[in-house]
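So this one's work-v9.cif, mmCIF, C-alpha atoms:
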```
data_target
loop_
_atom_site.label_atom_id
_atom_site.label_comp_id
_atom_site.auth_asym_id
_atom_site.auth_seq_id
_atom_site.Cartn_x
_atom_site.Cartn_y
_atom_site.Cartn_z
CA MET S 20 33.78 67.21 3.25
CA ARG S 21 33.88 70.86 2.32
CA ASN S 22 37.24 72.52 1.90
CA SER S 23 36.94 75.15 4.54
CA ILE S 24 39.56 77.77 5.22
CA LEU S 25 40.16 76.03 8.58
CA VAL S 26 41.28 72.79 6.94
CA LYS S 27 43.64 74.71 4.67
CA ALA S 28 44.98 76.75 7.58
CA PHE S 29 45.49 73.54 9.56
CA PHE S 30 47.46 72.02 6.68
CA TRP S 31 49.77 75.04 6.53
CA PHE S 32 50.16 75.01 10.30
CA CYS S 33 51.19 71.33 10.13
CA LEU S 34 53.63 72.05 7.31
CA VAL S 35 55.30 74.85 9.27
CA ALA S 36 55.38 72.75 12.45
CA LEU S 37 57.01 69.85 10.60
CA THR S 38 59.56 72.21 9.07
CA VAL S 39 60.51 73.69 12.44
CA ALA S 40 60.68 70.26 14.08
CA SER S 41 62.85 68.97 11.25
CA LEU S 42 65.38 71.80 11.45
CA LEU S 43 65.72 72.39 15.20
CA PRO S 44 68.99 71.13 16.70
CA VAL S 45 68.69 67.86 18.62
CA ALA S 46 71.05 66.14 21.02
CA LEU S 47 73.60 64.03 19.18
CA LEU S 48 72.61 60.37 19.12
CA PRO S 49 75.03 57.43 19.20
CA PRO S 50 76.06 56.51 15.65
CA GLN S 51 73.62 54.11 14.02
CA SER S 52 73.55 52.91 10.46
CA PHE S 53 69.75 52.74 10.24
CA ASN S 54 67.52 54.21 12.94
CA VAL S 55 64.10 52.60 12.47
CA TRP S 56 62.25 54.92 14.87
CA ASP S 57 63.53 57.96 12.97
CA LYS S 58 62.16 56.52 9.74
CA ALA S 59 58.81 55.80 11.39
CA GLN S 60 58.66 59.43 12.54
CA HIS S 61 59.28 60.58 8.97
CA ALA S 62 56.60 58.25 7.60
CA MET S 63 54.04 59.31 10.23
CA GLY S 64 54.74 63.01 9.74
CA PHE S 65 54.46 62.87 5.97
CA GLY S 66 51.49 60.51 6.11
CA TRP S 67 49.66 63.01 8.27
CA LEU S 68 50.71 65.88 6.03
CA ALA S 69 49.49 64.03 2.93
CA LEU S 70 46.13 63.21 4.53
CA VAL S 71 45.52 66.76 5.74
CA GLY S 72 46.89 68.24 2.51
CA LEU S 73 44.57 66.13 0.39
CA LEU S 74 41.61 67.03 2.59
CA ALA S 75 42.50 70.70 2.17
CA TYR S 76 43.29 70.53 -1.56
CA PRO S 77 41.56 67.47 -3.06
CA GLY S 78 41.47 68.76 -6.64
CA LYS S 79 44.90 67.52 -7.76
CA PRO S 80 46.01 64.65 -5.52
CA VAL S 81 48.98 63.58 -7.64
CA ARG S 82 50.31 67.13 -7.65
CA MET S 83 49.90 67.43 -3.86
CA CYS S 84 51.80 64.18 -3.31
CA GLY S 85 54.53 65.32 -5.69
CA TYR S 86 54.85 68.64 -3.89
CA LEU S 87 55.16 66.84 -0.57
CA LEU S 88 57.97 64.66 -1.93
CA VAL S 89 59.80 67.73 -3.21
CA TYR S 90 59.26 69.33 0.20
CA GLY S 91 60.72 66.23 1.86
CA GLY S 92 63.78 66.47 -0.37
CA ALA S 93 64.15 70.17 0.46
CA ILE S 94 63.99 69.36 4.18
CA GLU S 95 66.77 66.79 3.76
CA LEU S 96 68.94 69.30 1.89
CA ALA S 97 68.26 71.93 4.55
CA GLN S 98 69.14 69.46 7.31
CA ALA S 99 72.42 68.65 5.57
CA ALA S 100 73.24 72.36 5.41
CA THR S 101 72.58 73.05 9.11
CA GLY S 102 75.64 71.34 10.53
CA TRP S 103 73.66 69.87 13.43
CA ARG S 104 71.24 67.67 11.46
CA TYR S 105 71.83 65.10 8.74
CA GLY S 106 70.06 64.77 5.43
CA GLU S 107 69.57 61.14 4.40
CA TRP S 108 68.15 59.41 1.34
CA TRP S 109 66.46 56.86 3.62
CA ASP S 110 64.60 59.70 5.32
CA LEU S 111 63.30 60.83 1.94
CA ALA S 112 62.23 57.24 1.20
CA ALA S 113 60.36 57.15 4.53
CA ASP S 114 58.74 60.48 3.61
CA GLY S 115 57.57 58.95 0.33
CA PHE S 116 56.23 55.89 2.12
CA GLY S 117 54.32 58.16 4.48
CA VAL S 118 52.87 60.15 1.58
CA MET S 119 51.65 56.89 0.03
CA ILE S 120 50.03 55.81 3.31
CA GLY S 121 48.38 59.22 3.81
CA ALA S 122 47.15 59.31 0.22
CA GLY S 123 45.82 55.78 0.60
CA ALA S 124 43.92 56.76 3.75
CA TRP S 125 42.49 59.80 1.95
CA TRP S 126 41.42 57.68 -1.01
CA ALA S 127 39.84 55.05 1.27
CA ALA S 128 37.91 57.73 3.18
CA ARG S 129 36.60 59.21 -0.06
CA TYR S 130 35.60 55.77 -1.32
CA ALA S 131 33.83 54.94 1.96
CA ALA S 132 32.00 58.29 1.87
CA ARG S 133 30.71 57.50 -1.61
CA LEU S 134 29.46 54.09 -0.49
CA VAL S 135 27.55 55.65 2.39
CA ARG S 136 25.72 58.10 0.12
#
```
Mind turning this structure into structure tokens?
Amino acid sequence: MRNSILVKAFFWFCLVALTVASLLPVALLPPQSFNVWDKAQHAMGFGWLALVGLLAYPGKPVRMCGYLLVYGGAIELAQAATGWRYGEWWDLAADGFGVMIGAGAWWAARYAARLVR
């Protein structure tokens, strides 16, 4: 797959959309010690971001994954600073899990494409 400007623009659009969604105020939820659905949302969001990011910038996959983890940490710090959101280490762990899943899907797609050739 060629790295068109559209794929790169789509990656940046997704990154901005995830940032906005992560920092907007939400209704307060009942206190829970570990919200599984929230963690699944983190994993899905970062899995998607990793897949699209690696399609857009395939040259340095380890660097892209590292940047996404740093971005996830920055989101958690920003959420903690808002006063209406909470930054959590478990969210960052879910982000990392999502990055691994997205990177795995990217790797599998590249491998399958090579087999087809």
(request) Go through S:Gly64, S:Gly78, S:Pro44, S:Gly123 and flag the residue nearest Leu111 in chain S, using only C-alpha atoms for the distances. (result)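 Result for the nearest residue to Leu111 in chain S: S:Gly64.
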Using all atoms listed in the file, which residues of range 89-130 of chain S come within 12 Å of range 37-40 of chain S, and what is the closest atom pair for each, with the distance in Å to one decimal? Give it as CSV, sorted by chain and residue number.
```
residue,atom,partner,partner_atom,distance
S:Tyr90,CA,S:Thr38,CA,9.3
S:Gly91,CA,S:Thr38,CA,9.4
S:Gly92,CA,S:Thr38,CA,11.8
S:Ala93,CA,S:Thr38,CA,10.0
S:Ile94,CA,S:Thr38,CA,7.2
S:Glu95,CA,S:Thr38,CA,10.5
S:Ala97,CA,S:Thr38,CA,9.8
S:Gln98,CA,S:Thr38,CA,10.1
S:Arg104,CA,S:Ala40,CA,11.2
S:Asp114,CA,S:Leu37,CA,11.8
```
(request) Enter the distance from CA of Trp31 in chain S to CA of His61 in chain S, in Å, rounded to one decimal. (result) 17.5 Å
(message) One number please: CA of Gly117 in chain S to CA of Val89 in chain S, in Å, one decimal.
(response)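 Computing the Euclidean distance for CA of Gly117 in chain S and CA of Val89 in chain S yields 13.4 Å.
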(message) Give me the residues near Met119 in chain S as a ChimeraX atom specification, where near means some atom within 9 Å (using all atoms listed in the file) and where sequence neighbours in that chain fewer than 4 positions away do not count.
(response) /S:65-66,69,84,114-115,123-124
(request) Go ahead and compute the interatomic distance for CA of Gly85 in chain S and CA of Leu134 in chain S, in Å to one decimal. (result)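 Straight-line distance from CA of Gly85 in chain S to CA of Leu134 in chain S works out to 28.0 Å.
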(request) Might you spell out which residues the PyMOL selection byres ((chain S and resi 71) around 9) would select in the displayed file, as a list in words? (result)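 For this structure, the PyMOL selection byres ((chain S and resi 71) around 9) captures Val26, Lys27, Phe29, Phe30, Cys33, Gly66, Trp67, Leu68, Ala69, Leu70, Gly72, Leu73, Leu74, Ala75, Tyr76, Gly121 and Trp125 of chain S.
Minimum atom-to-atom distance to Ile120 in chain S, evaluated using all atoms listed in the file, belongs to S:Ala59 out of S:Ala100, S:Ile24, S:Leu42, S:Ala59.
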(message) Given only C-alpha atoms as the basis, pick out the residue of S:Ser23, S:Tyr86, S:Thr101, S:Ala131 nearest to Leu43 in chain S.
(response)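 Among S:Ser23, S:Tyr86, S:Thr101, S:Ala131, it is S:Thr101 that comes nearest to Leu43 in chain S.
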Generate the coordinates of N, CA and C atoms for range 60-96 of chain S; report them as a PDB file, keeping the file's coordinate frame.
```pdb
ATOM      1  N   GLN S  60      59.070  58.045  12.307  1.00  0.00           N
ATOM      2  CA  GLN S  60      58.660  59.430  12.540  1.00  0.00           C
ATOM      3  C   GLN S  60      58.483  60.165  11.215  1.00  0.00           C
ATOM      4  N   HIS S  61      59.395  59.962  10.292  1.00  0.00           N
ATOM      5  CA  HIS S  61      59.280  60.580   8.970  1.00  0.00           C
ATOM      6  C   HIS S  61      58.000  60.108   8.273  1.00  0.00           C
ATOM      7  N   ALA S  62      57.783  58.804   8.282  1.00  0.00           N
ATOM      8  CA  ALA S  62      56.600  58.250   7.600  1.00  0.00           C
ATOM      9  C   ALA S  62      55.313  58.766   8.234  1.00  0.00           C
ATOM     10  N   MET S  63      55.259  58.817   9.561  1.00  0.00           N
ATOM     11  CA  MET S  63      54.040  59.310  10.230  1.00  0.00           C
ATOM     12  C   MET S  63      53.817  60.790   9.935  1.00  0.00           C
ATOM     13  N   GLY S  64      54.878  61.571   9.998  1.00  0.00           N
ATOM     14  CA  GLY S  64      54.740  63.010   9.740  1.00  0.00           C
ATOM     15  C   GLY S  64      54.258  63.291   8.331  1.00  0.00           C
ATOM     16  N   PHE S  65      54.844  62.624   7.360  1.00  0.00           N
ATOM     17  CA  PHE S  65      54.460  62.870   5.970  1.00  0.00           C
ATOM     18  C   PHE S  65      53.140  62.194   5.616  1.00  0.00           C
ATOM     19  N   GLY S  66      52.810  61.105   6.303  1.00  0.00           N
ATOM     20  CA  GLY S  66      51.490  60.510   6.110  1.00  0.00           C
ATOM     21  C   GLY S  66      50.400  61.454   6.578  1.00  0.00           C
ATOM     22  N   TRP S  67      50.615  62.041   7.737  1.00  0.00           N
ATOM     23  CA  TRP S  67      49.660  63.010   8.270  1.00  0.00           C
ATOM     24  C   TRP S  67      49.557  64.222   7.349  1.00  0.00           C
ATOM     25  N   LEU S  68      50.712  64.713   6.908  1.00  0.00           N
ATOM     26  CA  LEU S  68      50.710  65.880   6.030  1.00  0.00           C
ATOM     27  C   LEU S  68      49.983  65.583   4.724  1.00  0.00           C
ATOM     28  N   ALA S  69      50.175  64.399   4.179  1.00  0.00           N
ATOM     29  CA  ALA S  69      49.490  64.030   2.930  1.00  0.00           C
ATOM     30  C   ALA S  69      47.979  63.949   3.155  1.00  0.00           C
ATOM     31  N   LEU S  70      47.562  63.323   4.250  1.00  0.00           N
ATOM     32  CA  LEU S  70      46.130  63.210   4.530  1.00  0.00           C
ATOM     33  C   LEU S  70      45.489  64.583   4.693  1.00  0.00           C
ATOM     34  N   VAL S  71      46.083  65.429   5.505  1.00  0.00           N
ATOM     35  CA  VAL S  71      45.520  66.760   5.740  1.00  0.00           C
ATOM     36  C   VAL S  71      45.613  67.609   4.465  1.00  0.00           C
ATOM     37  N   GLY S  72      46.733  67.486   3.746  1.00  0.00           N
ATOM     38  CA  GLY S  72      46.890  68.240   2.510  1.00  0.00           C
ATOM     39  C   GLY S  72      45.865  67.863   1.454  1.00  0.00           C
ATOM     40  N   LEU S  73      45.566  66.580   1.367  1.00  0.00           N
ATOM     41  CA  LEU S  73      44.570  66.130   0.390  1.00  0.00           C
ATOM     42  C   LEU S  73      43.155  66.475   0.825  1.00  0.00           C
ATOM     43  N   LEU S  74      42.917  66.546   2.118  1.00  0.00           N
ATOM     44  CA  LEU S  74      41.610  67.030   2.590  1.00  0.00           C
ATOM     45  C   LEU S  74      41.455  68.516   2.290  1.00  0.00           C
ATOM     46  N   ALA S  75      42.551  69.254   2.411  1.00  0.00           N
ATOM     47  CA  ALA S  75      42.500  70.700   2.170  1.00  0.00           C
ATOM     48  C   ALA S  75      42.447  71.028   0.686  1.00  0.00           C
ATOM     49  N   TYR S  76      43.179  70.269  -0.122  1.00  0.00           N
ATOM     50  CA  TYR S  76      43.290  70.530  -1.560  1.00  0.00           C
ATOM     51  C   TYR S  76      43.059  69.234  -2.350  1.00  0.00           C
ATOM     52  N   PRO S  77      41.817  68.772  -2.442  1.00  0.00           N
ATOM     53  CA  PRO S  77      41.560  67.470  -3.060  1.00  0.00           C
ATOM     54  C   PRO S  77      41.550  67.488  -4.590  1.00  0.00           C
ATOM     55  N   GLY S  78      41.625  68.648  -5.194  1.00  0.00           N
ATOM     56  CA  GLY S  78      41.470  68.760  -6.640  1.00  0.00           C
ATOM     57  C   GLY S  78      42.550  68.090  -7.467  1.00  0.00           C
ATOM     58  N   LYS S  79      43.780  68.100  -6.996  1.00  0.00           N
ATOM     59  CA  LYS S  79      44.900  67.520  -7.760  1.00  0.00           C
ATOM     60  C   LYS S  79      45.757  66.674  -6.817  1.00  0.00           C
ATOM     61  N   PRO S  80      45.300  65.465  -6.514  1.00  0.00           N
ATOM     62  CA  PRO S  80      46.010  64.650  -5.520  1.00  0.00           C
ATOM     63  C   PRO S  80      47.425  64.255  -5.938  1.00  0.00           C
ATOM     64  N   VAL S  81      47.638  63.977  -7.200  1.00  0.00           N
ATOM     65  CA  VAL S  81      48.980  63.580  -7.640  1.00  0.00           C
ATOM     66  C   VAL S  81      49.944  64.752  -7.481  1.00  0.00           C
ATOM     67  N   ARG S  82      49.471  65.939  -7.797  1.00  0.00           N
ATOM     68  CA  ARG S  82      50.310  67.130  -7.650  1.00  0.00           C
ATOM     69  C   ARG S  82      50.639  67.372  -6.181  1.00  0.00           C
ATOM     70  N   MET S  83      49.658  67.239  -5.296  1.00  0.00           N
ATOM     71  CA  MET S  83      49.900  67.430  -3.860  1.00  0.00           C
ATOM     72  C   MET S  83      50.954  66.451  -3.363  1.00  0.00           C
ATOM     73  N   CYS S  84      50.827  65.190  -3.740  1.00  0.00           N
ATOM     74  CA  CYS S  84      51.800  64.180  -3.310  1.00  0.00           C
ATOM     75  C   CYS S  84      53.184  64.491  -3.867  1.00  0.00           C
ATOM     76  N   GLY S  85      53.244  64.933  -5.103  1.00  0.00           N
ATOM     77  CA  GLY S  85      54.530  65.320  -5.690  1.00  0.00           C
ATOM     78  C   GLY S  85      55.160  66.494  -4.964  1.00  0.00           C
ATOM     79  N   TYR S  86      54.352  67.488  -4.640  1.00  0.00           N
ATOM     80  CA  TYR S  86      54.850  68.640  -3.890  1.00  0.00           C
ATOM     81  C   TYR S  86      55.395  68.213  -2.527  1.00  0.00           C
ATOM     82  N   LEU S  87      54.703  67.293  -1.870  1.00  0.00           N
ATOM     83  CA  LEU S  87      55.160  66.840  -0.570  1.00  0.00           C
ATOM     84  C   LEU S  87      56.491  66.082  -0.673  1.00  0.00           C
ATOM     85  N   LEU S  88      56.675  65.334  -1.741  1.00  0.00           N
ATOM     86  CA  LEU S  88      57.970  64.660  -1.930  1.00  0.00           C
ATOM     87  C   LEU S  88      59.086  65.660  -2.189  1.00  0.00           C
ATOM     88  N   VAL S  89      58.801  66.678  -2.981  1.00  0.00           N
ATOM     89  CA  VAL S  89      59.800  67.730  -3.210  1.00  0.00           C
ATOM     90  C   VAL S  89      60.110  68.446  -1.899  1.00  0.00           C
ATOM     91  N   TYR S  90      59.076  68.709  -1.117  1.00  0.00           N
ATOM     92  CA  TYR S  90      59.260  69.330   0.200  1.00  0.00           C
ATOM     93  C   TYR S  90      60.134  68.451   1.089  1.00  0.00           C
ATOM     94  N   GLY S  91      59.890  67.145   1.080  1.00  0.00           N
ATOM     95  CA  GLY S  91      60.720  66.230   1.860  1.00  0.00           C
ATOM     96  C   GLY S  91      62.172  66.278   1.427  1.00  0.00           C
ATOM     97  N   GLY S  92      62.410  66.342   0.122  1.00  0.00           N
ATOM     98  CA  GLY S  92      63.780  66.470  -0.370  1.00  0.00           C
ATOM     99  C   GLY S  92      64.417  67.784   0.057  1.00  0.00           C
ATOM    100  N   ALA S  93      63.637  68.861   0.033  1.00  0.00           N
ATOM    101  CA  ALA S  93      64.150  70.170   0.460  1.00  0.00           C
ATOM    102  C   ALA S  93      64.503  70.157   1.944  1.00  0.00           C
ATOM    103  N   ILE S  94      63.695  69.480   2.746  1.00  0.00           N
ATOM    104  CA  ILE S  94      63.990  69.360   4.180  1.00  0.00           C
ATOM    105  C   ILE S  94      65.316  68.618   4.376  1.00  0.00           C
ATOM    106  N   GLU S  95      65.518  67.546   3.631  1.00  0.00           N
ATOM    107  CA  GLU S  95      66.770  66.790   3.760  1.00  0.00           C
ATOM    108  C   GLU S  95      67.975  67.633   3.359  1.00  0.00           C
ATOM    109  N   LEU S  96      67.837  68.410   2.296  1.00  0.00           N
ATOM    110  CA  LEU S  96      68.940  69.300   1.890  1.00  0.00           C
ATOM    111  C   LEU S  96      69.186  70.365   2.942  1.00  0.00           C
TER     112      LEU S  96
END
```
